[in-house]
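Trainee: My structure is in input-v2.cif, and what it holds is mmCIF, C-alpha atoms:
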data_query
loop_
_atom_site.group_PDB
_atom_site.id
_atom_site.type_symbol
_atom_site.label_atom_id
_atom_site.label_comp_id
_atom_site.auth_asym_id
_atom_site.auth_seq_id
_atom_site.Cartn_x
_atom_site.Cartn_y
_atom_site.Cartn_z
ATOM 1 C CA MET G 1 15.542 -43.794 23.452
ATOM 2 C CA GLY G 2 11.920 -42.655 23.188
ATOM 3 C CA LEU G 3 9.182 -44.752 21.613
ATOM 4 C CA ARG G 4 6.841 -43.422 18.961
ATOM 5 C CA PRO G 5 3.058 -43.967 19.159
ATOM 6 C CA VAL G 6 3.394 -46.648 16.487
ATOM 7 C CA ASP G 7 6.042 -48.442 18.568
ATOM 8 C CA LEU G 8 3.777 -48.445 21.595
ATOM 9 C CA ALA G 9 0.840 -49.592 19.496
ATOM 10 C CA ARG G 10 2.803 -52.528 18.146
ATOM 11 C CA ARG G 11 3.810 -53.628 21.643
ATOM 12 C CA ALA G 12 0.136 -54.011 22.590
ATOM 13 C CA GLY G 13 -1.309 -54.913 19.203
ATOM 14 C CA VAL G 14 -3.569 -51.858 18.999
ATOM 15 C CA SER G 15 -3.916 -48.846 16.713
ATOM 16 C CA THR G 16 -1.941 -45.644 17.126
ATOM 17 C CA GLN G 17 -5.202 -43.728 17.447
ATOM 18 C CA LEU G 18 -6.135 -45.886 20.437
ATOM 19 C CA ILE G 19 -2.809 -44.990 22.048
ATOM 20 C CA ARG G 20 -3.655 -41.296 21.672
ATOM 21 C CA ASN G 21 -7.129 -41.944 23.095
ATOM 22 C CA TYR G 22 -5.626 -43.763 26.086
ATOM 23 C CA GLU G 23 -3.340 -40.824 26.800
ATOM 24 C CA ALA G 24 -6.209 -38.352 26.495
ATOM 25 C CA ASP G 25 -8.292 -40.470 28.914
ATOM 26 C CA GLY G 26 -5.532 -40.584 31.518
ATOM 27 C CA ILE G 27 -4.909 -44.298 31.067
ATOM 28 C CA LEU G 28 -1.335 -43.482 30.103
ATOM 29 C CA PRO G 29 0.746 -40.842 31.860
ATOM 30 C CA PRO G 30 1.378 -37.691 29.819
ATOM 31 C CA ALA G 31 4.031 -38.165 27.169
ATOM 32 C CA PRO G 32 6.816 -35.600 26.725
ATOM 33 C CA ARG G 33 7.231 -33.997 23.321
ATOM 34 C CA THR G 34 10.249 -33.580 21.122
ATOM 35 C CA ASP G 35 11.290 -30.126 19.957
ATOM 36 C CA SER G 36 9.316 -30.769 16.796
ATOM 37 C CA GLY G 37 6.200 -31.667 18.805
ATOM 38 C CA TYR G 38 6.200 -35.450 18.471
ATOM 39 C CA ARG G 39 5.194 -37.601 21.426
ATOM 40 C CA GLN G 40 7.907 -39.719 22.982
ATOM 41 C CA TYR G 41 6.946 -42.672 25.121
ATOM 42 C CA GLY G 42 9.072 -44.694 27.501
ATOM 43 C CA GLU G 43 8.929 -48.030 29.242
ATOM 44 C CA GLU G 44 6.623 -46.536 31.891
ATOM 45 C CA HIS G 45 4.074 -45.983 29.144
ATOM 46 C CA VAL G 46 4.480 -49.539 27.921
ATOM 47 C CA SER G 47 3.907 -50.802 31.457
ATOM 48 C CA ALA G 48 0.833 -48.616 31.917
ATOM 49 C CA LEU G 49 -0.582 -49.697 28.565
ATOM 50 C CA LEU G 50 -0.126 -53.415 29.247
ATOM 51 C CA THR G 51 -1.535 -53.013 32.755
ATOM 52 C CA TYR G 52 -4.706 -51.348 31.520
ATOM 53 C CA ARG G 53 -5.150 -53.934 28.779
ATOM 54 C CA ALA G 54 -4.826 -56.661 31.416
ATOM 55 C CA LEU G 55 -7.187 -54.983 33.875
ATOM 56 C CA ALA G 56 -10.029 -54.306 31.433
ATOM 57 C CA PRO G 57 -11.191 -57.917 30.848
ATOM 58 C CA GLY G 58 -11.656 -58.570 34.561
ATOM 59 C CA PHE G 59 -12.583 -55.196 35.992
ATOM 60 C CA GLY G 60 -14.309 -53.705 32.958
ATOM 61 C CA ALA G 61 -13.004 -50.886 30.780
ATOM 62 C CA GLU G 62 -14.486 -48.069 32.877
ATOM 63 C CA THR G 63 -13.222 -49.332 36.236
ATOM 64 C CA ALA G 64 -9.818 -50.108 34.713
ATOM 65 C CA ARG G 65 -9.652 -46.539 33.394
ATOM 66 C CA HIS G 66 -10.456 -45.106 36.825
ATOM 67 C CA ILE G 67 -7.816 -47.338 38.422
ATOM 68 C CA MET G 68 -5.163 -46.133 36.010
ATOM 69 C CA GLN G 69 -6.160 -42.506 36.489
ATOM 70 C CA ALA G 70 -5.865 -42.912 40.259
ATOM 71 C CA VAL G 71 -2.430 -44.528 39.961
ATOM 72 C CA HIS G 72 -1.096 -41.794 37.708
ATOM 73 C CA ALA G 73 -2.469 -39.168 40.108
ATOM 74 C CA GLY G 74 -0.543 -40.822 42.943
ATOM 75 C CA ASN G 75 -3.773 -41.808 44.690
ATOM 76 C CA GLU G 76 -3.059 -45.467 45.383
ATOM 77 C CA GLU G 77 -5.783 -45.696 48.029
ATOM 78 C CA SER G 78 -8.475 -44.886 45.461
ATOM 79 C CA ALA G 79 -7.032 -47.493 43.112
ATOM 80 C CA TYR G 80 -7.128 -50.130 45.865
ATOM 81 C CA ARG G 81 -10.709 -49.230 46.738
ATOM 82 C CA LEU G 82 -11.768 -49.697 43.128
ATOM 83 C CA VAL G 83 -10.098 -53.109 43.091
ATOM 84 C CA ASP G 84 -11.842 -54.090 46.329
ATOM 85 C CA GLN G 85 -15.188 -52.874 45.046
ATOM 86 C CA ALA G 86 -14.895 -54.976 41.898
ATOM 87 C CA HIS G 87 -13.994 -58.110 43.863
ATOM 88 C CA SER G 88 -16.907 -57.495 46.220
ATOM 89 C CA GLY G 89 -19.316 -57.074 43.319
ATOM 90 C CA LEU G 90 -18.188 -60.335 41.752
ATOM 91 C CA TYR G 91 -18.599 -62.157 45.063
ATOM 92 C CA GLU G 92 -22.165 -60.841 45.352
ATOM 93 C CA GLN G 93 -22.840 -62.183 41.858
ATOM 94 C CA ARG G 94 -21.551 -65.584 42.929
ATOM 95 C CA LEU G 95 -23.887 -65.574 45.934
ATOM 96 C CA ALA G 96 -26.823 -64.587 43.714
ATOM 97 C CA THR G 97 -26.031 -67.436 41.322
ATOM 98 C CA ASP G 98 -25.895 -69.893 44.220
ATOM 99 C CA ALA G 99 -29.249 -68.659 45.517
ATOM 100 C CA ALA G 100 -30.784 -68.864 42.043
ATOM 101 C CA SER G 101 -29.489 -72.411 41.638
ATOM 102 C CA GLU G 102 -31.106 -73.559 44.874
ATOM 103 C CA ALA G 103 -34.403 -71.783 44.256
ATOM 104 C CA LEU G 104 -34.641 -72.875 40.645
ATOM 105 C CA GLY G 105 -33.931 -76.462 41.577
ATOM 106 C CA ALA G 106 -37.126 -76.434 43.596
ATOM 107 C CA ALA G 107 -39.069 -74.612 40.892
ATOM 108 C CA ALA G 108 -37.881 -76.972 38.179
ATOM 109 C CA ALA G 109 -39.034 -79.913 40.280
ATOM 110 C CA GLU G 110 -42.586 -78.737 39.684
ATOM 111 C CA PHE G 111 -42.175 -79.518 35.996
ATOM 112 C CA ARG G 112 -40.597 -82.880 36.712
ATOM 113 C CA ASP G 113 -42.447 -84.292 39.682
ATOM 114 C CA GLU G 114 -45.876 -82.735 39.796
ATOM 115 C CA PRO G 115 -48.900 -82.862 37.495
ATOM 116 C CA ALA G 116 -49.818 -79.845 35.419
ATOM 117 C CA PRO G 117 -50.516 -76.898 37.722
ATOM 118 C CA THR G 118 -54.070 -75.917 38.411
ATOM 119 C CA GLY G 119 -55.790 -72.964 40.015
ATOM 120 C CA PRO G 120 -57.382 -69.664 39.092
ATOM 121 C CA ALA G 121 -55.907 -67.336 36.531
ATOM 122 C CA LEU G 122 -54.503 -64.032 37.723
ATOM 123 C CA LEU G 123 -54.703 -60.546 36.275
ATOM 124 C CA VAL G 124 -51.496 -58.581 35.741
ATOM 125 C CA GLY G 125 -51.765 -56.642 38.998
ATOM 126 C CA GLU G 126 -52.471 -59.796 40.992
ATOM 127 C CA LEU G 127 -49.480 -61.644 39.555
ATOM 128 C CA ALA G 128 -47.200 -58.657 40.061
ATOM 129 C CA HIS G 129 -48.285 -58.461 43.707
ATOM 130 C CA ARG G 130 -47.676 -62.165 44.231
ATOM 131 C CA LEU G 131 -44.156 -61.933 42.820
ATOM 132 C CA GLY G 132 -43.325 -58.593 44.400
ATOM 133 C CA VAL G 133 -42.542 -56.888 41.085
ATOM 134 C CA ARG G 134 -44.024 -54.008 39.123
ATOM 135 C CA THR G 135 -46.595 -54.666 36.444
ATOM 136 C CA SER G 136 -44.181 -53.056 33.984
ATOM 137 C CA ALA G 137 -41.751 -55.939 34.609
ATOM 138 C CA LEU G 138 -44.364 -58.449 33.483
ATOM 139 C CA ARG G 139 -44.938 -56.445 30.327
ATOM 140 C CA VAL G 140 -41.210 -56.323 29.607
ATOM 141 C CA TRP G 141 -41.012 -60.106 29.994
ATOM 142 C CA GLU G 142 -43.962 -60.431 27.639
ATOM 143 C CA ALA G 143 -42.345 -58.122 25.069
ATOM 144 C CA ALA G 144 -39.220 -60.287 25.232
ATOM 145 C CA GLY G 145 -41.310 -63.357 24.422
ATOM 146 C CA LEU G 146 -40.680 -65.000 27.801
ATOM 147 C CA LEU G 147 -44.168 -64.698 29.246
ATOM 148 C CA LEU G 148 -47.261 -65.405 27.161
ATOM 149 C CA PRO G 149 -50.503 -64.298 28.849
ATOM 150 C CA THR G 150 -53.896 -64.727 27.257
ATOM 151 C CA ARG G 151 -56.397 -61.898 26.821
ATOM 152 C CA GLU G 152 -59.947 -61.710 28.090
ATOM 153 C CA ARG G 153 -62.323 -61.669 25.145
ATOM 154 C CA VAL G 154 -64.253 -58.533 26.072
ATOM 155 C CA THR G 155 -61.972 -56.426 28.278
ATOM 156 C CA LYS G 156 -58.688 -57.525 26.641
ATOM 157 C CA TYR G 157 -57.153 -57.716 30.113
ATOM 158 C CA ARG G 158 -54.115 -59.968 30.418
ATOM 159 C CA ARG G 159 -54.813 -63.272 32.142
ATOM 160 C CA TYR G 160 -52.092 -65.521 33.499
ATOM 161 C CA GLU G 161 -53.019 -69.190 33.693
ATOM 162 C CA PRO G 162 -51.288 -71.539 36.172
ATOM 163 C CA GLU G 163 -48.574 -72.500 33.668
ATOM 164 C CA GLN G 164 -47.814 -68.846 32.961
ATOM 165 C CA ILE G 165 -47.751 -68.060 36.669
ATOM 166 C CA ARG G 166 -45.161 -70.776 37.093
ATOM 167 C CA ASP G 167 -43.143 -69.362 34.176
ATOM 168 C CA ALA G 168 -43.285 -65.925 35.776
ATOM 169 C CA ARG G 169 -41.885 -67.333 39.023
ATOM 170 C CA ILE G 170 -38.954 -68.866 37.185
ATOM 171 C CA ILE G 171 -38.282 -65.707 35.184
ATOM 172 C CA HIS G 172 -38.322 -63.678 38.386
ATOM 173 C CA MET G 173 -35.850 -66.026 40.086
ATOM 174 C CA LEU G 174 -33.503 -65.971 37.117
ATOM 175 C CA ARG G 175 -33.615 -62.185 36.818
ATOM 176 C CA GLN G 176 -32.705 -61.941 40.491
ATOM 177 C CA GLY G 177 -29.700 -64.100 39.627
ATOM 178 C CA ARG G 178 -28.783 -61.565 36.890
ATOM 179 C CA TYR G 179 -29.528 -63.871 34.004
ATOM 180 C CA SER G 180 -30.169 -62.231 30.653
ATOM 181 C CA PHE G 181 -33.281 -62.812 28.598
ATOM 182 C CA ASP G 182 -31.210 -64.837 26.120
ATOM 183 C CA GLN G 183 -30.149 -67.151 28.948
ATOM 184 C CA ILE G 184 -33.658 -67.448 30.363
ATOM 185 C CA ARG G 185 -35.328 -68.292 27.048
ATOM 186 C CA PRO G 186 -33.774 -71.765 26.539
ATOM 187 C CA VAL G 187 -34.444 -72.633 30.176
ATOM 188 C CA LEU G 188 -38.152 -71.951 29.784
ATOM 189 C CA GLU G 189 -38.312 -73.670 26.420
ATOM 190 C CA GLY G 190 -36.626 -76.780 27.797
ATOM 191 C CA LEU G 191 -38.907 -76.950 30.800
ATOM 192 C CA ARG G 192 -42.051 -76.338 28.766
ATOM 193 C CA GLN G 193 -41.287 -78.817 26.025
ATOM 194 C CA THR G 194 -39.704 -81.718 27.853
ATOM 195 C CA GLY G 195 -39.706 -80.952 31.547
ATOM 196 C CA SER G 196 -35.904 -81.097 31.294
ATOM 197 C CA THR G 197 -33.655 -79.144 33.635
ATOM 198 C CA GLU G 198 -30.624 -79.501 31.347
ATOM 199 C CA ALA G 199 -30.882 -75.947 29.991
ATOM 200 C CA LEU G 200 -31.232 -74.671 33.534
ATOM 201 C CA ARG G 201 -28.146 -76.514 34.715
ATOM 202 C CA ASP G 202 -26.208 -75.345 31.654
ATOM 203 C CA ALA G 203 -27.141 -71.700 32.286
ATOM 204 C CA ILE G 204 -26.014 -71.874 35.908
ATOM 205 C CA ALA G 205 -22.802 -73.723 34.992
ATOM 206 C CA GLU G 206 -21.978 -71.118 32.342
ATOM 207 C CA ARG G 207 -22.611 -68.319 34.818
ATOM 208 C CA ARG G 208 -20.240 -69.899 37.330
ATOM 209 C CA ALA G 209 -17.637 -70.497 34.627
ATOM 210 C CA ALA G 210 -17.926 -66.823 33.651
ATOM 211 C CA HIS G 211 -17.315 -65.833 37.265
ATOM 212 C CA ASP G 212 -14.174 -67.969 37.292
ATOM 213 C CA ARG G 213 -12.927 -66.407 34.052
ATOM 214 C CA ILE G 214 -13.437 -62.921 35.481
ATOM 215 C CA THR G 215 -11.617 -63.841 38.695
ATOM 216 C CA LYS G 216 -8.640 -65.186 36.741
ATOM 217 C CA ALA G 217 -8.561 -62.024 34.627
ATOM 218 C CA MET G 218 -8.707 -59.903 37.781
ATOM 219 C CA LEU G 219 -5.783 -61.795 39.302
ATOM 220 C CA TYR G 220 -3.670 -61.384 36.179
ATOM 221 C CA GLY G 221 -4.467 -57.694 35.877
ATOM 222 C CA ALA G 222 -3.861 -57.098 39.577
ATOM 223 C CA GLY G 223 -0.396 -58.644 39.256
ATOM 224 C CA LEU G 224 0.593 -56.151 36.574
ATOM 225 C CA LEU G 225 -1.004 -53.345 38.566
ATOM 226 C CA HIS G 226 1.063 -54.258 41.615
ATOM 227 C CA HIS G 227 4.226 -54.236 39.513
ATOM 228 C CA LEU G 228 3.316 -50.862 37.993
ATOM 229 C CA ILE G 229 2.709 -49.278 41.389
ATOM 230 C CA GLU G 230 5.911 -50.700 42.863
ATOM 231 C CA GLN G 231 7.947 -49.383 39.918
ATOM 232 C CA LYS G 232 6.552 -45.844 40.092
ATOM 233 C CA PRO G 233 9.047 -43.318 41.444
ATOM 234 C CA PRO G 234 7.997 -41.625 44.692
ATOM 235 C CA ALA G 235 6.048 -38.393 44.273
#
Can the structure in the file be given as structure tokens, please?
Mentor:
Amino acid sequence: MGLRPVDLARRAGVSTQLIRNYEADGILPPAPRTDSGYRQYGEEHVSALLTYRALAPGFGAETARHIMQAVHAGNEESAYRLVDQAHSGLYEQRLATDAASEALGAAAAEFRDEPAPTGPALLVGELAHRLGVRTSALRVWEAAGLLLPTRERVTKYRRYEPEQIRDARIIHMLRQGRYSFDQIRPVLEGLRQTGSTEALRDAIAERRAAHDRITKAMLYGAGLLHHLIEQKPPA
């Protein structure tokens, strides 16, 4: 007996409009129509729907959509490549987090173990050259409230004092580790105010926990994907 869009929607806890959108996007296989023009879904549609909903949290909605489209087109190789690519990308993020943790441990030690930094101030181009970034990056960090340069009285040029140079180094390291501005802000505030590395450790721990959550979601989604592929009739 065929299932109506509302039946399929109830099985997944979504709206009937979303079911129609999923079919239009190729996430679900095409549904046959009754003589009166109504869609009729079967258990293969339920399986496809639940598989996509399981894939999306780990692989992302766009990649999950492409995986489902490849499966329905009978192109299992493309689906497997997309899965491999997502796992590889997550592994690279883990490596970047590890590298950021090691580098930031050394940078944070400056706040904890050394006296206030000294040395000449740098202009925006000089600091950008030292960090290996574009001057526009420094301005973006400033606009986000992460970096607070002073201004020369006459020329109004930005000047970065030793403390701001140190902040810029930490921002640069964290951005390389794919930390958001919202994650970087409490790290800088904690280091500036108390010399504490607690916010830094919390940010890294949360990033690693997020990686673990994504991996678990990938594993769950991949299990349903495997079942879906194995149950598909041969082309």
Trainee: Evaluated on this file, the PyMOL selection byres ((chain G and resi 101) around 12) picks out some residues - which ones are they, written as a VMD selection string?
Mentor: chain G and resid 94 to 100 102 to 108 170 173 to 174 176 to 179 197 200 to 205 207 to 208
Trainee: Report the distance between CA of Ala64 (chain G) and CA of Ser47 (chain G) in Å, rounded to one decimal place.
Mentor: 14.1 Å
Trainee: Can you give me, as a PDB file with C-alpha atoms, in the frame of the given file, the residues this file yields under the PyMOL selection byres ((chain G and resi 217-228) around 7)?
Mentor:
ATOM      1  CA  SER G  47       3.907 -50.802  31.457  1.00  0.00           C
ATOM      2  CA  ALA G  48       0.833 -48.616  31.917  1.00  0.00           C
ATOM      3  CA  THR G  51      -1.535 -53.013  32.755  1.00  0.00           C
ATOM      4  CA  ALA G  54      -4.826 -56.661  31.416  1.00  0.00           C
ATOM      5  CA  LEU G  55      -7.187 -54.983  33.875  1.00  0.00           C
ATOM      6  CA  PRO G  57     -11.191 -57.917  30.848  1.00  0.00           C
ATOM      7  CA  GLY G  58     -11.656 -58.570  34.561  1.00  0.00           C
ATOM      8  CA  PHE G  59     -12.583 -55.196  35.992  1.00  0.00           C
ATOM      9  CA  ARG G 213     -12.927 -66.407  34.052  1.00  0.00           C
ATOM     10  CA  ILE G 214     -13.437 -62.921  35.481  1.00  0.00           C
ATOM     11  CA  THR G 215     -11.617 -63.841  38.695  1.00  0.00           C
ATOM     12  CA  LYS G 216      -8.640 -65.186  36.741  1.00  0.00           C
ATOM     13  CA  ILE G 229       2.709 -49.278  41.389  1.00  0.00           C
ATOM     14  CA  GLU G 230       5.911 -50.700  42.863  1.00  0.00           C
ATOM     15  CA  GLN G 231       7.947 -49.383  39.918  1.00  0.00           C
ATOM     16  CA  LYS G 232       6.552 -45.844  40.092  1.00  0.00           C
TER      17      LYS G 232
END
Trainee: Glu142 (chain G): which residues within 12 Å, counting all atoms listed in the file, same-chain residues fewer than 3 positions away excluded, as an mmCIF file with C-alpha atoms, keeping the file's coordinate frame?
Mentor:
data_model
loop_
_atom_site.group_PDB
_atom_site.id
_atom_site.type_symbol
_atom_site.label_atom_id
_atom_site.label_comp_id
_atom_site.auth_asym_id
_atom_site.auth_seq_id
_atom_site.Cartn_x
_atom_site.Cartn_y
_atom_site.Cartn_z
ATOM 1 C CA VAL G 124 -51.496 -58.581 35.741
ATOM 2 C CA THR G 135 -46.595 -54.666 36.444
ATOM 3 C CA SER G 136 -44.181 -53.056 33.984
ATOM 4 C CA ALA G 137 -41.751 -55.939 34.609
ATOM 5 C CA LEU G 138 -44.364 -58.449 33.483
ATOM 6 C CA ARG G 139 -44.938 -56.445 30.327
ATOM 7 C CA GLY G 145 -41.310 -63.357 24.422
ATOM 8 C CA LEU G 146 -40.680 -65.000 27.801
ATOM 9 C CA LEU G 147 -44.168 -64.698 29.246
ATOM 10 C CA LEU G 148 -47.261 -65.405 27.161
ATOM 11 C CA PRO G 149 -50.503 -64.298 28.849
ATOM 12 C CA THR G 150 -53.896 -64.727 27.257
ATOM 13 C CA ARG G 158 -54.115 -59.968 30.418
ATOM 14 C CA TYR G 160 -52.092 -65.521 33.499
ATOM 15 C CA GLN G 164 -47.814 -68.846 32.961
ATOM 16 C CA ASP G 167 -43.143 -69.362 34.176
ATOM 17 C CA ALA G 168 -43.285 -65.925 35.776
ATOM 18 C CA ILE G 171 -38.282 -65.707 35.184
ATOM 19 C CA PHE G 181 -33.281 -62.812 28.598
ATOM 20 C CA ARG G 185 -35.328 -68.292 27.048
#
Trainee: Check what the PyMOL selection byres ((chain G and resi 43) around 12) selects in the file above and give those residues as a VMD selection string.
Mentor: chain G and resid 1 to 4 7 to 8 11 28 to 29 31 40 to 42 44 to 50 228 231 to 232
